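One file, model02.txt, is given below (compact mmCIF, C-alpha atoms).
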```txt
# COMPACT_ATOMS: atom_id res chain seq x y z
CA MET Y 16 27.41 -4.69 -85.84
CA THR Y 17 27.62 -7.53 -88.29
CA GLU Y 18 26.17 -7.27 -91.77
CA ARG Y 19 24.27 -9.98 -93.54
CA GLY Y 20 26.21 -12.66 -95.36
CA THR Y 21 29.22 -13.05 -93.14
CA ARG Y 22 29.24 -16.70 -92.20
CA PRO Y 23 32.59 -18.38 -92.84
CA ALA Y 24 32.90 -20.40 -96.00
CA VAL Y 25 34.69 -23.74 -96.21
CA TRP Y 26 36.02 -25.47 -99.31
CA GLN Y 27 33.88 -28.26 -100.70
CA THR Y 28 33.85 -30.51 -103.73
CA CYS Y 29 30.89 -30.19 -106.06
CA THR Y 30 29.90 -32.02 -109.22
CA ILE Y 31 28.98 -30.54 -112.59
CA THR Y 32 25.52 -31.90 -113.32
CA GLU Y 33 24.71 -29.89 -116.43
CA ILE Y 34 26.34 -27.47 -118.87
CA VAL Y 35 24.16 -25.15 -120.97
CA GLU Y 36 25.47 -22.96 -123.78
CA GLN Y 37 23.73 -19.64 -123.15
CA THR Y 38 25.39 -17.30 -125.66
CA PRO Y 39 28.33 -17.67 -128.06
CA SER Y 40 30.71 -16.83 -125.20
CA ILE Y 41 28.84 -17.77 -122.01
CA LYS Y 42 27.93 -21.18 -120.62
CA SER Y 43 25.99 -22.05 -117.50
CA TYR Y 44 27.43 -24.67 -115.17
CA PHE Y 45 25.05 -26.36 -112.75
CA LEU Y 46 26.95 -27.55 -109.70
CA GLN Y 47 25.70 -30.05 -107.13
CA LEU Y 48 26.98 -28.99 -103.73
CA SER Y 49 28.29 -31.69 -101.40
CA ARG Y 50 27.79 -29.32 -98.46
CA PRO Y 51 24.68 -27.32 -99.33
CA PHE Y 52 24.58 -23.73 -98.11
CA THR Y 53 21.99 -21.02 -98.02
CA TYR Y 54 22.90 -17.83 -99.83
CA MET Y 55 21.48 -14.46 -100.76
CA ALA Y 56 20.81 -13.07 -104.22
CA GLY Y 57 23.94 -11.22 -105.32
CA GLN Y 58 26.52 -13.36 -103.55
CA HIS Y 59 29.38 -15.21 -105.22
CA VAL Y 60 31.55 -18.27 -104.75
CA ASP Y 61 35.29 -18.77 -105.13
CA VAL Y 62 36.23 -21.59 -107.47
CA ARG Y 63 39.58 -23.35 -107.08
CA LEU Y 64 41.33 -25.43 -109.76
CA THR Y 65 44.40 -27.47 -108.88
CA ALA Y 66 47.02 -28.68 -111.38
CA PRO Y 67 48.91 -31.98 -110.92
CA ASP Y 68 52.00 -30.05 -109.76
CA GLY Y 69 49.98 -28.39 -106.99
CA TYR Y 70 49.54 -25.04 -108.76
CA VAL Y 71 46.23 -23.46 -107.80
CA ALA Y 72 44.11 -20.98 -109.75
CA MET Y 73 41.22 -19.32 -108.01
CA ARG Y 74 38.49 -17.01 -109.31
CA SER Y 75 35.20 -15.56 -108.04
CA TYR Y 76 31.94 -16.20 -109.87
CA SER Y 77 28.57 -14.75 -109.00
CA ILE Y 78 25.72 -17.18 -108.40
CA ALA Y 79 23.02 -16.91 -111.09
CA SER Y 80 20.44 -19.14 -109.46
CA ALA Y 81 17.94 -17.85 -106.95
CA PRO Y 82 18.31 -18.80 -103.32
CA SER Y 83 16.20 -21.93 -102.83
CA ALA Y 84 16.18 -25.25 -101.05
CA SER Y 85 18.03 -26.81 -103.96
CA ASP Y 86 21.56 -28.09 -103.47
CA VAL Y 87 22.39 -27.19 -107.09
CA ILE Y 88 23.70 -23.72 -107.94
CA GLU Y 89 24.16 -22.15 -111.35
CA LEU Y 90 27.25 -20.22 -112.39
CA ALA Y 91 27.35 -18.52 -115.80
CA ILE Y 92 30.95 -18.22 -116.98
CA GLU Y 93 32.09 -16.05 -119.86
CA ARG Y 94 35.05 -17.26 -121.87
CA LEU Y 95 37.82 -14.68 -121.58
CA PRO Y 96 40.26 -14.98 -124.50
CA ASP Y 97 43.34 -14.53 -122.30
CA GLY Y 98 41.82 -16.25 -119.29
CA GLU Y 99 43.18 -19.14 -117.31
CA VAL Y 100 40.12 -20.48 -115.53
CA SER Y 101 37.29 -19.60 -117.93
CA PRO Y 102 38.92 -21.43 -120.91
CA PHE Y 103 39.23 -24.50 -118.68
CA PHE Y 104 35.51 -24.37 -118.01
CA HIS Y 105 34.64 -23.84 -121.67
CA ASP Y 106 37.08 -26.30 -123.25
CA VAL Y 107 37.74 -28.99 -120.66
CA ALA Y 108 35.10 -29.20 -117.94
CA ALA Y 109 32.46 -31.84 -118.52
CA MET Y 110 29.40 -33.22 -116.78
CA GLY Y 111 30.42 -35.39 -113.85
CA ASP Y 112 33.65 -33.49 -113.21
CA GLU Y 113 34.39 -32.45 -109.66
CA ILE Y 114 35.22 -28.82 -108.91
CA GLU Y 115 36.21 -27.23 -105.60
CA LEU Y 116 34.45 -24.12 -104.40
CA ARG Y 117 33.70 -22.16 -101.26
CA GLY Y 118 30.86 -19.85 -100.55
CA PRO Y 119 28.68 -17.99 -100.25
CA ILE Y 120 30.78 -14.82 -100.18
CA GLY Y 121 29.90 -11.14 -100.20
CA GLY Y 122 27.96 -8.99 -97.76
CA HIS Y 123 27.38 -5.83 -99.82
CA PHE Y 124 25.96 -6.42 -103.29
CA LEU Y 125 22.76 -7.99 -101.93
CA TRP Y 126 19.09 -7.80 -102.85
CA PRO Y 127 17.32 -6.05 -99.96
CA GLU Y 128 15.44 -8.28 -97.55
CA ARG Y 129 12.04 -6.59 -97.80
CA PRO Y 130 12.17 -4.22 -100.77
CA SER Y 131 9.35 -1.76 -101.27
CA ALA Y 132 10.76 1.24 -103.17
CA PRO Y 133 11.79 0.87 -106.83
CA ILE Y 134 15.04 -0.86 -107.70
CA LEU Y 135 17.29 -0.21 -110.69
CA LEU Y 136 19.60 -2.93 -111.98
CA ILE Y 137 22.27 -2.14 -114.57
CA GLY Y 138 24.49 -4.80 -116.09
CA ALA Y 139 26.71 -5.52 -119.06
CA GLY Y 140 27.42 -8.93 -120.57
CA SER Y 141 27.98 -11.54 -117.87
CA GLY Y 142 27.56 -8.71 -115.34
CA VAL Y 143 23.89 -9.62 -115.37
CA VAL Y 144 24.60 -12.81 -113.43
CA PRO Y 145 24.17 -11.49 -109.86
CA LEU Y 146 21.28 -9.31 -111.10
CA MET Y 147 19.62 -12.42 -112.53
CA ALA Y 148 19.84 -14.11 -109.14
CA MET Y 149 18.06 -11.03 -107.73
CA LEU Y 150 15.33 -11.10 -110.39
CA ARG Y 151 14.78 -14.84 -109.98
CA HIS Y 152 14.60 -14.40 -106.21
CA ARG Y 153 12.10 -11.56 -106.63
CA ARG Y 154 10.01 -13.75 -108.94
CA ASP Y 155 10.17 -16.80 -106.64
CA LEU Y 156 8.94 -14.71 -103.71
CA ALA Y 157 6.30 -13.00 -105.91
CA GLN Y 158 7.67 -9.62 -104.86
CA SER Y 159 5.96 -6.73 -106.61
CA VAL Y 160 8.61 -4.09 -105.96
CA PRO Y 161 8.94 -2.07 -109.20
CA THR Y 162 12.22 -3.11 -110.79
CA ALA Y 163 13.99 -2.13 -114.00
CA LEU Y 164 16.94 -3.87 -115.63
CA LEU Y 165 19.14 -2.02 -118.11
CA LEU Y 166 21.30 -4.67 -119.76
CA SER Y 167 24.02 -3.97 -122.30
CA SER Y 168 25.21 -6.63 -124.73
CA ARG Y 169 27.01 -6.62 -128.07
CA THR Y 170 24.27 -8.36 -130.04
CA GLU Y 171 20.85 -9.89 -129.32
CA ARG Y 172 22.48 -13.35 -129.28
CA ASP Y 173 24.89 -12.13 -126.60
CA VAL Y 174 22.08 -11.21 -124.19
CA LEU Y 175 22.53 -13.67 -121.35
CA PHE Y 176 19.20 -15.15 -120.13
CA ARG Y 177 17.41 -13.26 -122.94
CA ASP Y 178 14.38 -15.55 -123.27
CA GLU Y 179 13.87 -15.74 -119.52
CA LEU Y 180 14.12 -11.97 -119.16
CA LEU Y 181 11.64 -11.36 -121.97
CA SER Y 182 9.18 -13.84 -120.44
CA LEU Y 183 9.61 -12.24 -117.06
CA GLU Y 184 8.80 -8.83 -118.48
CA THR Y 185 5.71 -10.15 -120.26
CA ALA Y 186 4.45 -11.85 -117.11
CA ASP Y 187 5.20 -9.08 -114.63
CA PRO Y 188 3.84 -5.54 -115.03
CA ASN Y 189 6.21 -4.35 -112.30
CA PHE Y 190 9.34 -5.41 -114.18
CA GLU Y 191 10.83 -3.30 -116.98
CA LEU Y 192 13.54 -4.67 -119.26
CA ALA Y 193 15.63 -2.31 -121.39
CA LEU Y 194 18.36 -3.79 -123.56
CA ALA Y 195 21.25 -1.72 -124.88
CA ILE Y 196 22.51 -3.49 -127.98
CA THR Y 197 25.82 -1.98 -128.99
CA ARG Y 198 26.74 -3.71 -132.27
CA GLU Y 199 23.43 -4.12 -134.09
CA SER Y 200 19.97 -2.61 -134.18
CA PRO Y 201 17.72 -3.71 -131.34
CA ARG Y 202 14.57 -5.63 -132.22
CA ARG Y 203 12.25 -3.92 -129.77
CA THR Y 204 11.38 -0.23 -129.82
CA THR Y 205 11.81 -0.04 -126.06
CA ASP Y 206 15.46 -1.07 -126.36
CA PHE Y 207 18.48 1.08 -127.18
CA GLY Y 208 20.88 0.70 -130.10
CA ARG Y 209 23.90 2.31 -128.52
CA ARG Y 210 26.33 2.10 -125.64
CA ILE Y 211 25.16 3.12 -122.19
CA ASP Y 212 25.15 6.84 -121.35
CA SER Y 213 23.63 9.10 -118.72
CA ALA Y 214 20.57 9.91 -120.85
CA MET Y 215 19.83 6.19 -121.16
CA VAL Y 216 20.12 5.67 -117.40
CA ALA Y 217 17.80 8.65 -116.82
CA GLU Y 218 15.27 7.30 -119.34
CA VAL Y 219 15.17 3.88 -117.68
CA ILE Y 220 14.78 5.49 -114.25
CA GLY Y 221 11.84 7.38 -115.78
CA ARG Y 222 10.12 4.09 -116.60
CA LEU Y 223 9.90 3.30 -112.89
CA PRO Y 224 6.93 4.67 -110.93
CA GLY Y 225 9.25 6.51 -108.53
CA MET Y 226 12.88 7.24 -107.87
CA PRO Y 227 14.82 4.07 -107.08
CA GLU Y 228 16.07 3.55 -103.55
CA HIS Y 229 18.54 0.85 -104.54
CA VAL Y 230 20.80 0.68 -107.58
CA PHE Y 231 22.96 -2.33 -108.43
CA ALA Y 232 25.46 -2.01 -111.29
CA CYS Y 233 27.74 -4.83 -112.46
CA GLY Y 234 30.17 -5.06 -115.35
CA SER Y 235 33.55 -3.76 -116.44
CA ASN Y 236 34.98 -0.77 -114.59
CA PRO Y 237 34.37 1.76 -117.43
CA PHE Y 238 30.79 0.50 -117.86
CA VAL Y 239 30.04 0.66 -114.14
CA ASN Y 240 31.51 4.17 -113.93
CA ILE Y 241 29.14 5.38 -116.66
CA ALA Y 242 26.20 3.59 -115.04
CA ALA Y 243 26.95 5.01 -111.58
CA ASP Y 244 27.63 8.52 -112.90
CA GLY Y 245 24.35 8.36 -114.84
CA ALA Y 246 22.49 7.42 -111.67
CA LEU Y 247 24.16 10.27 -109.77
CA MET Y 248 23.32 12.77 -112.52
CA ALA Y 249 19.71 11.60 -112.39
CA GLY Y 250 19.69 12.80 -108.79
CA LEU Y 251 20.27 9.57 -106.92
CA ASP Y 252 22.43 9.51 -103.82
CA ALA Y 253 25.83 7.79 -103.98
CA SER Y 254 24.99 5.82 -100.83
CA ILE Y 255 22.26 3.81 -102.59
CA ILE Y 256 24.43 2.82 -105.56
CA LYS Y 257 26.20 -0.51 -105.14
CA THR Y 258 28.70 -1.59 -107.74
CA GLU Y 259 30.54 -4.74 -108.63
CA ARG Y 260 33.36 -4.63 -111.17
CA TYR Y 261 35.13 -7.52 -112.86
CA GLY Y 262 38.25 -8.62 -111.04
CA GLY Y 263 41.56 -9.48 -112.64
CA MET G 21 42.18 -32.32 -105.04
CA VAL G 22 43.67 -32.26 -108.55
CA THR G 23 41.19 -30.90 -111.08
CA ARG G 24 40.86 -33.20 -114.09
CA GLY G 25 42.39 -31.63 -117.17
CA PHE G 26 43.67 -28.44 -115.51
CA PHE G 27 47.33 -27.52 -115.88
CA GLY G 28 47.22 -23.76 -115.46
CA ARG G 29 49.61 -21.08 -116.53
CA ASN G 30 52.04 -21.73 -113.72
CA SER G 31 54.79 -19.23 -114.39
CA GLY G 32 57.26 -21.13 -112.24
CA GLY G 33 59.76 -18.37 -113.02
CA ASP G 34 61.96 -16.20 -110.83
CA GLU G 35 58.90 -14.44 -109.48
CA ALA G 36 57.14 -17.57 -108.18
CA ASP G 37 58.33 -16.98 -104.61
CA ARG G 38 56.84 -13.49 -104.68
CA ILE G 39 53.30 -14.70 -105.39
CA PRO G 40 51.21 -15.63 -102.34
CA PRO G 41 49.10 -18.81 -102.41
CA GLY G 42 46.00 -18.62 -104.63
CA GLN G 43 47.19 -15.45 -106.40
CA HIS G 44 48.03 -14.91 -110.07
CA VAL G 45 50.07 -12.14 -111.65
CA VAL G 46 48.43 -9.52 -113.87
CA ASP G 47 50.07 -6.85 -115.98
CA HIS G 48 47.03 -4.56 -116.13
CA TRP G 49 45.51 -3.03 -113.02
CA PRO G 50 41.94 -4.15 -112.25
CA VAL G 51 39.64 -1.65 -110.54
CA LEU G 52 37.28 -2.84 -107.81
CA THR G 53 35.06 -0.47 -105.90
CA ALA G 54 31.85 -1.02 -103.94
CA GLY G 55 30.15 2.20 -105.09
CA PRO G 56 30.43 5.13 -107.48
CA THR G 57 33.92 6.51 -108.12
CA PRO G 58 34.04 9.81 -106.23
CA ARG G 59 35.37 13.05 -107.74
CA ILE G 60 37.53 14.91 -105.25
CA GLU G 61 39.13 18.19 -106.29
CA THR G 62 42.44 18.88 -104.58
CA ALA G 63 41.02 22.29 -103.61
CA ASP G 64 38.41 20.47 -101.51
CA TRP G 65 40.77 17.78 -100.26
CA LYS G 66 41.71 17.55 -96.62
CA PHE G 67 43.17 14.92 -94.38
CA THR G 68 42.26 14.63 -90.70
CA LEU G 69 44.16 12.76 -88.00
CA LYS G 70 41.93 11.82 -85.08
CA ILE G 71 42.33 10.24 -81.68
CA GLY G 72 39.00 8.55 -81.13
CA PRO G 73 36.42 11.22 -82.00
CA LYS G 74 38.83 14.11 -81.44
CA PRO G 75 40.61 15.73 -84.43
CA VAL G 76 44.32 16.26 -83.74
CA LYS G 77 45.44 17.87 -86.98
CA VAL G 78 43.98 18.70 -90.38
CA TRP G 79 46.06 19.18 -93.54
CA ASN G 80 44.86 20.70 -96.80
CA TRP G 81 46.30 19.54 -100.11
CA SER G 82 49.24 21.91 -100.22
CA GLU G 83 50.09 21.40 -96.54
CA PHE G 84 50.01 17.65 -97.02
CA ASN G 85 52.16 17.86 -100.14
CA ALA G 86 54.74 19.87 -98.20
CA LEU G 87 55.37 16.86 -95.93
CA PRO G 88 58.45 14.70 -96.67
CA LYS G 89 57.88 12.37 -99.63
CA THR G 90 58.99 8.77 -99.77
CA LYS G 91 59.20 6.38 -102.73
CA MET G 92 58.27 2.73 -102.43
CA THR G 93 58.24 -0.05 -105.03
CA ARG G 94 56.21 -3.04 -103.88
CA ASP G 95 54.18 -6.06 -105.00
CA ILE G 96 50.46 -5.71 -104.32
CA HIS G 97 47.91 -8.47 -103.79
CA CYS G 98 44.13 -8.18 -104.18
CA VAL G 99 41.82 -10.60 -102.37
CA THR G 100 40.09 -11.27 -105.73
CA THR G 101 43.33 -13.18 -106.52
CA TRP G 102 45.28 -10.82 -108.77
CA SER G 103 48.77 -9.69 -107.82
CA LYS G 104 50.74 -6.94 -109.49
CA LEU G 105 54.51 -6.83 -109.12
CA ASN G 106 56.88 -3.87 -108.84
CA THR G 107 54.30 -1.11 -108.41
CA ALA G 108 56.08 2.22 -107.88
CA TRP G 109 54.56 4.73 -105.48
CA GLU G 110 55.38 8.06 -103.91
CA GLY G 111 53.69 9.59 -100.92
CA VAL G 112 53.91 10.48 -97.27
CA THR G 113 54.69 7.69 -94.80
CA ILE G 114 52.41 7.28 -91.81
CA ASP G 115 55.49 7.92 -89.64
CA ASP G 116 55.93 11.34 -91.24
CA ILE G 117 52.25 12.18 -90.84
CA LEU G 118 52.33 11.30 -87.13
CA ALA G 119 55.62 13.17 -86.67
CA ASP G 120 54.18 16.31 -88.29
CA ALA G 121 51.24 16.12 -85.90
CA GLY G 122 53.60 15.58 -82.98
CA VAL G 123 51.86 12.32 -82.14
CA GLU G 124 53.38 8.99 -81.21
CA ARG G 125 51.92 5.55 -80.59
CA LEU G 126 48.69 6.45 -78.83
CA THR G 127 46.79 3.20 -79.35
CA GLU G 128 47.62 -0.02 -81.16
CA PHE G 129 44.97 0.33 -83.86
CA MET G 130 43.96 2.71 -86.60
CA LEU G 131 40.95 3.08 -88.83
CA ALA G 132 41.37 4.68 -92.25
CA HIS G 133 38.45 6.84 -93.44
CA CYS G 134 37.61 7.85 -96.98
CA PHE G 135 35.64 10.47 -98.91
CA ASP G 136 33.12 7.85 -100.09
CA GLY G 137 32.36 6.57 -96.59
CA TYR G 138 34.62 3.54 -96.92
CA SER G 139 36.74 2.54 -93.95
CA THR G 140 39.27 -0.15 -93.12
CA ASN G 141 41.18 -1.09 -89.98
CA VAL G 142 44.94 -1.64 -89.79
CA PRO G 143 47.07 -2.16 -86.68
CA LEU G 144 49.49 0.71 -86.09
CA ALA G 145 52.39 -1.77 -86.26
CA ASP G 146 51.48 -2.38 -89.92
CA LEU G 147 51.34 1.33 -90.73
CA ALA G 148 54.42 2.60 -88.88
CA SER G 149 58.14 1.92 -89.39
CA GLY G 150 58.00 2.80 -93.06
CA LYS G 151 55.58 -0.01 -93.89
CA ALA G 152 52.78 2.17 -95.25
CA MET G 153 52.08 5.57 -96.77
CA VAL G 154 49.38 7.85 -98.04
CA ALA G 155 50.25 7.58 -101.73
CA LEU G 156 49.90 10.59 -104.02
CA ASN G 157 51.74 9.39 -107.13
CA TYR G 158 51.90 6.16 -109.07
CA GLU G 159 54.63 5.52 -111.63
CA GLY G 160 55.62 9.17 -111.42
CA GLN G 161 52.12 10.51 -112.17
CA PRO G 162 49.36 11.84 -109.91
CA LEU G 163 47.29 8.89 -108.75
CA ALA G 164 44.33 8.33 -111.11
CA ARG G 165 40.80 8.77 -109.76
CA ASP G 166 39.89 5.14 -110.51
CA HIS G 167 42.78 4.00 -108.35
CA GLY G 168 41.98 6.26 -105.42
CA GLY G 169 43.31 9.67 -106.50
CA PRO G 170 44.08 12.23 -105.29
CA ALA G 171 45.35 10.07 -102.39
CA ARG G 172 45.02 6.52 -101.15
CA LEU G 173 46.42 4.48 -98.31
CA LEU G 174 49.13 2.02 -99.35
CA VAL G 175 49.70 -0.98 -97.06
CA PRO G 176 51.32 -3.26 -99.61
CA HIS G 177 51.94 -6.27 -97.35
CA LEU G 178 48.21 -6.74 -96.65
CA TYR G 179 45.41 -7.57 -99.13
CA PHE G 180 44.74 -4.49 -101.15
CA TRP G 181 41.29 -3.67 -99.74
CA LYS G 182 43.30 -2.37 -96.76
CA SER G 183 44.92 0.20 -99.07
CA ALA G 184 41.85 2.42 -98.91
CA LYS G 185 41.16 4.63 -101.95
CA TRP G 186 40.17 8.31 -101.61
CA ILE G 187 41.49 8.44 -98.05
CA ASN G 188 40.66 11.51 -95.99
CA GLY G 189 41.79 10.54 -92.53
CA LEU G 190 43.31 8.20 -90.02
CA GLN G 191 41.84 7.60 -86.60
CA PHE G 192 43.45 6.01 -83.56
CA THR G 193 41.01 3.54 -82.00
CA GLU G 194 41.14 1.81 -78.62
CA ARG G 195 40.23 -1.55 -80.13
CA ASP G 196 40.63 -3.14 -83.56
CA GLU G 197 37.39 -1.78 -85.08
CA PRO G 198 36.31 -3.63 -88.24
CA GLY G 199 35.89 -1.44 -91.33
CA PHE G 200 33.62 -1.71 -94.38
CA TRP G 201 34.67 -5.08 -95.80
CA GLU G 202 35.71 -6.46 -92.44
CA LEU G 203 32.04 -6.10 -91.41
CA ARG G 204 30.95 -7.82 -94.61
CA GLY G 205 32.70 -11.14 -94.43
CA TYR G 206 36.33 -10.24 -95.04
CA HIS G 207 39.23 -10.98 -92.71
CA ILE G 208 40.02 -8.58 -89.87
CA TYR G 209 43.76 -8.51 -90.72
CA GLY G 210 44.20 -9.76 -94.32
CA ASP G 211 47.69 -11.23 -94.66
CA PRO G 212 48.02 -12.60 -98.21
CA TRP G 213 50.82 -15.00 -97.24
CA ARG G 214 48.47 -16.65 -94.73
CA GLU G 215 45.53 -16.39 -97.17
CA GLN G 216 43.43 -14.45 -94.70
CA ARG G 217 40.72 -13.63 -97.22
CA TYR G 218 37.49 -14.09 -95.29
CA THR G 219 36.32 -14.04 -91.70
CA ASN G 220 37.89 -16.93 -89.76
CA ASP G 221 40.37 -17.87 -92.54
```
Let me see the file written as structure tokens.
Amino acid sequence: MTERGTRPAVWQTCTITEIVEQTPSIKSYFLQLSRPFTYMAGQHVDVRLTAPDGYVAMRSYSIASAPSASDVIELAIERLPDGEVSPFFHDVAAMGDEIELRGPIGGHFLWPERPSAPILLIGAGSGVVPLMAMLRHRRDLAQSVPTALLLSSRTERDVLFRDELLSLETADPNFELALAITRESPRRTTDFGRRIDSAMVAEVIGRLPGMPEHVFACGSNPFVNIAADGALMAGLDASIIKTERYGG
Amino acid sequence: MVTRGFFGRNSGGDEADRIPPGQHVVDHWPVLTAGPTPRIETADWKFTLKIGPKPVKVWNWSEFNALPKTKMTRDIHCVTTWSKLNTAWEGVTIDDILADAGVERLTEFMLAHCFDGYSTNVPLADLASGKAMVALNYEGQPLARDHGGPARLLVPHLYFWKSAKWINGLQFTERDEPGFWELRGYHIYGDPWREQRYTND
């Protein structure tokens, strides 16, 4: 048995074609692949930076763009105050720079091939990136599978892809967006003005027309634990809950 | 290829020769798990040794804790590129588990099984001879749930996905049977010093 998404990945050089400031701490980097690959929504790439003395720093970043025929992929990178790679991207990287990466990687946290039963997505901060790839893929294929996204951010300005998500919700009756804004009052009555908890997860599940058969949760370990426990307490089976937690 | 404007935080210190290629040292301990974090009470805990489909011996928590304990301080390396140095563990070596069951080298390969359905394959040669243990304590404390408590496999010389959390059994297999991540694009063996991260690396 071999799962989806297991083809070997080779290193390639890509070029930064565009940088977009998305939130005060997150920028999108559009990368032109020199060796285009097909990928699935939810997969990531490894990025490799090399110093003049040969020192190498490597990190994984989820792909935010939807699978398509394009040879440009989008990564959304949050600036981590004590980081090594993310400050390079935020402070140094410029359009035209060449970056090495390999991908696609990951055969678990993947949007199902032909989804029919409801899907629950739960993310915090830049944890929405792989979920955004899933939502964009769903939109591009005009899939009508009922889907809800519970997205936690500090403030409204920190909501990554906020305008796109709001437009998507307006345009698609089968997509529910629930924001959890932790450090200010939310603007919409359907959003939450507190940190994630089990009651919130249960309420968002209740906005779907049926019990979800797939749950994807992505964020910090404590956040993902609360999200997954909330889904379990709502009666969902552990086997349908896929999680991705920030690395180190 | 040198990346324009990147100089990195190359420690270059005494520890540089302990850090495999592409890894960086962390002081904290990141948690990575593919699903919900299971809750396993020690009253419900059991560990099964199998040969193929056949159970050979089952230990409950107190029986397992009565086995000889071994301490090990090792560097650990996660495929997501963090490494943590000098991690201090205590547990039961695979040698002592096999000895208690009266079993010797039956096949060349083992598959570790876990309460959450996770599995990972490790050759017996990498588990025996004091190389690996089922760890019960970390830094003198019971292993935390987030890190695989009550018990996890510890195979410190391989990428850390091989050190399966929430372990509940070891199984001798005739062939090297790929486990959870090995079926999902990760390397069958996972040696950090040879950067065996993904299939065919």
Item to complete: Would you give me, as a VMD selection string, the residues of chain Y that come within 7 Å of chain G, using only C-alpha atoms?
Response: chain Y and resid 17 to 18 20 to 23 64 to 67 70 to 75 99 103 107 114 121 to 123 236 240 243 to 244 253 256 to 260 262 to 263
Worksheet item: What lies within 9 Å of Ala109 in chain Y using only C-alpha atoms, ignoring chain neighbours under 3 positions off, as a VMD selection string?
Response: chain Y and resid 31 to 34 104 to 106 112
Worksheet item: Can you find the residues with an atom no farther than 9 Å from (22.5, -19.7, -123.6), counting only C-alpha atoms, and report them as a PyMOL selection string?
Response: chain Y and resi 35-43+172-177
Fill in: Atomic separation - CA of Pro161 in chain Y relative to CA of Ala186 in chain Y, Å
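Pair CA of Ala186 in chain Y / CA of Pro161 in chain Y returns 13.4 Å.
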Fill in: Neighbour list for Asn85 in chain G as a PyMOL selection string, cut-off 10 Å, all atoms listed in the file, skip fewer than 3 positions in-chain
chain G and resi 79-82+88-89+111-112+156
Please produce a file of those selected residues containing C-alpha atoms, as a PDB file, keeping the file's coordinate frame.
```pdb
ATOM      1  CA  TRP G  79      46.060  19.180 -93.540  1.00  0.00           C
ATOM      2  CA  ASN G  80      44.860  20.700 -96.800  1.00  0.00           C
ATOM      3  CA  TRP G  81      46.300  19.540-100.110  1.00  0.00           C
ATOM      4  CA  SER G  82      49.240  21.910-100.220  1.00  0.00           C
ATOM      5  CA  PRO G  88      58.450  14.700 -96.670  1.00  0.00           C
ATOM      6  CA  LYS G  89      57.880  12.370 -99.630  1.00  0.00           C
ATOM      7  CA  GLY G 111      53.690   9.590-100.920  1.00  0.00           C
ATOM      8  CA  VAL G 112      53.910  10.480 -97.270  1.00  0.00           C
ATOM      9  CA  LEU G 156      49.900  10.590-104.020  1.00  0.00           C
TER      10      LEU G 156
END
```
Worksheet item: With all atoms listed in the file as the atoms that count, which of G:Gln191, G:Asp116, G:Leu126, G:Ala121 lies nearest to Gly150 in chain G?
Response: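 Of G:Gln191, G:Asp116, G:Leu126, G:Ala121, the one nearest Gly150 in chain G, counting all atoms listed in the file, is G:Asp116.
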Practice prompt. Kindly give the distance, in Å, that separates CA of Leu105 in chain G and CA of Thr140 in chain G, rounded to a single decimal.
Written response: 23.1 Å
Discussion item. Which residue is closest to Glu89 in chain Y? Choose from Y:Thr197, Y:Ser131, Y:Ser101, Y:Thr30 and count only C-alpha atoms.
Written reply: Y:Thr30
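If you look at CA of His152 in chain Y and CA of Leu46 in chain Y, they are 18.4 Å away from each other.
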Discussion item. So that I can check the surroundings of Asp120 in chain G, please list as a list in words every protein, DNA and RNA residue that reaches within 12 Å of it, counting all atoms listed in the file and ignoring chain neighbours fewer than 5 positions away.
Written reply: Leu69, Val76, Lys77, Val78, Trp79, Glu83, Phe84, Ala86, Leu87, Pro88, Val112, Thr113, Ile114 and Asp115 of chain G
Item to complete: Pick out the closest residue to Pro176 in chain G from this set: G:Leu163, G:Ala63, G:Ala152, G:Cys134. Count only C-alpha atoms.
Response: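 When distances to Pro176 in chain G are compared using only C-alpha atoms, the smallest one comes from G:Ala152.
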Lys182 in chain G surroundings by all atoms listed in the file, 8 Å radius, close-in-sequence under 5 positions cut, as a PDB file with C-alpha atoms, in the frame of the given file:
```pdb
ATOM      1  CA  THR G 140      39.270  -0.150 -93.120  1.00  0.00           C
ATOM      2  CA  ASN G 141      41.180  -1.090 -89.980  1.00  0.00           C
ATOM      3  CA  VAL G 142      44.940  -1.640 -89.790  1.00  0.00           C
ATOM      4  CA  LEU G 173      46.420   4.480 -98.310  1.00  0.00           C
ATOM      5  CA  LEU G 174      49.130   2.020 -99.350  1.00  0.00           C
ATOM      6  CA  VAL G 175      49.700  -0.980 -97.060  1.00  0.00           C
ATOM      7  CA  GLY G 210      44.200  -9.760 -94.320  1.00  0.00           C
TER       8      GLY G 210
END
```
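Comparing the minimum interatomic distances between Tyr138 in chain G and each of G:Arg38, G:Lys91, G:Lys104, G:Lys185, counting only C-alpha atoms, we find that G:Lys185 sits nearest.
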Exercise on range 240-256 of chain Y, axis-aligned box with 4 Å per side, report centre and edge lengths in Å to one decimal, as AutoDock Vina command-line options:
```
--center_x 25.6 --center_y 7.8 --center_z -108.7 --size_x 19.8 --size_y 18.0 --size_z 23.8
```
Response to the item:
If you count all atoms listed in the file, the residue of Y:Leu95, Y:Met147, Y:Cys29, Y:Ile196 closest to Thr170 in chain Y turns out to be Y:Ile196
Item to complete: Give the answer as one residue: which of G:Ser183, G:Ser139, G:Asn188, G:Thr127 has the shortest atom-to-atom distance to Trp65 in chain G, using all atoms listed in the file?
Response: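 Checking each candidate against Trp65 in chain G, we get G:Asn188 as the closest.
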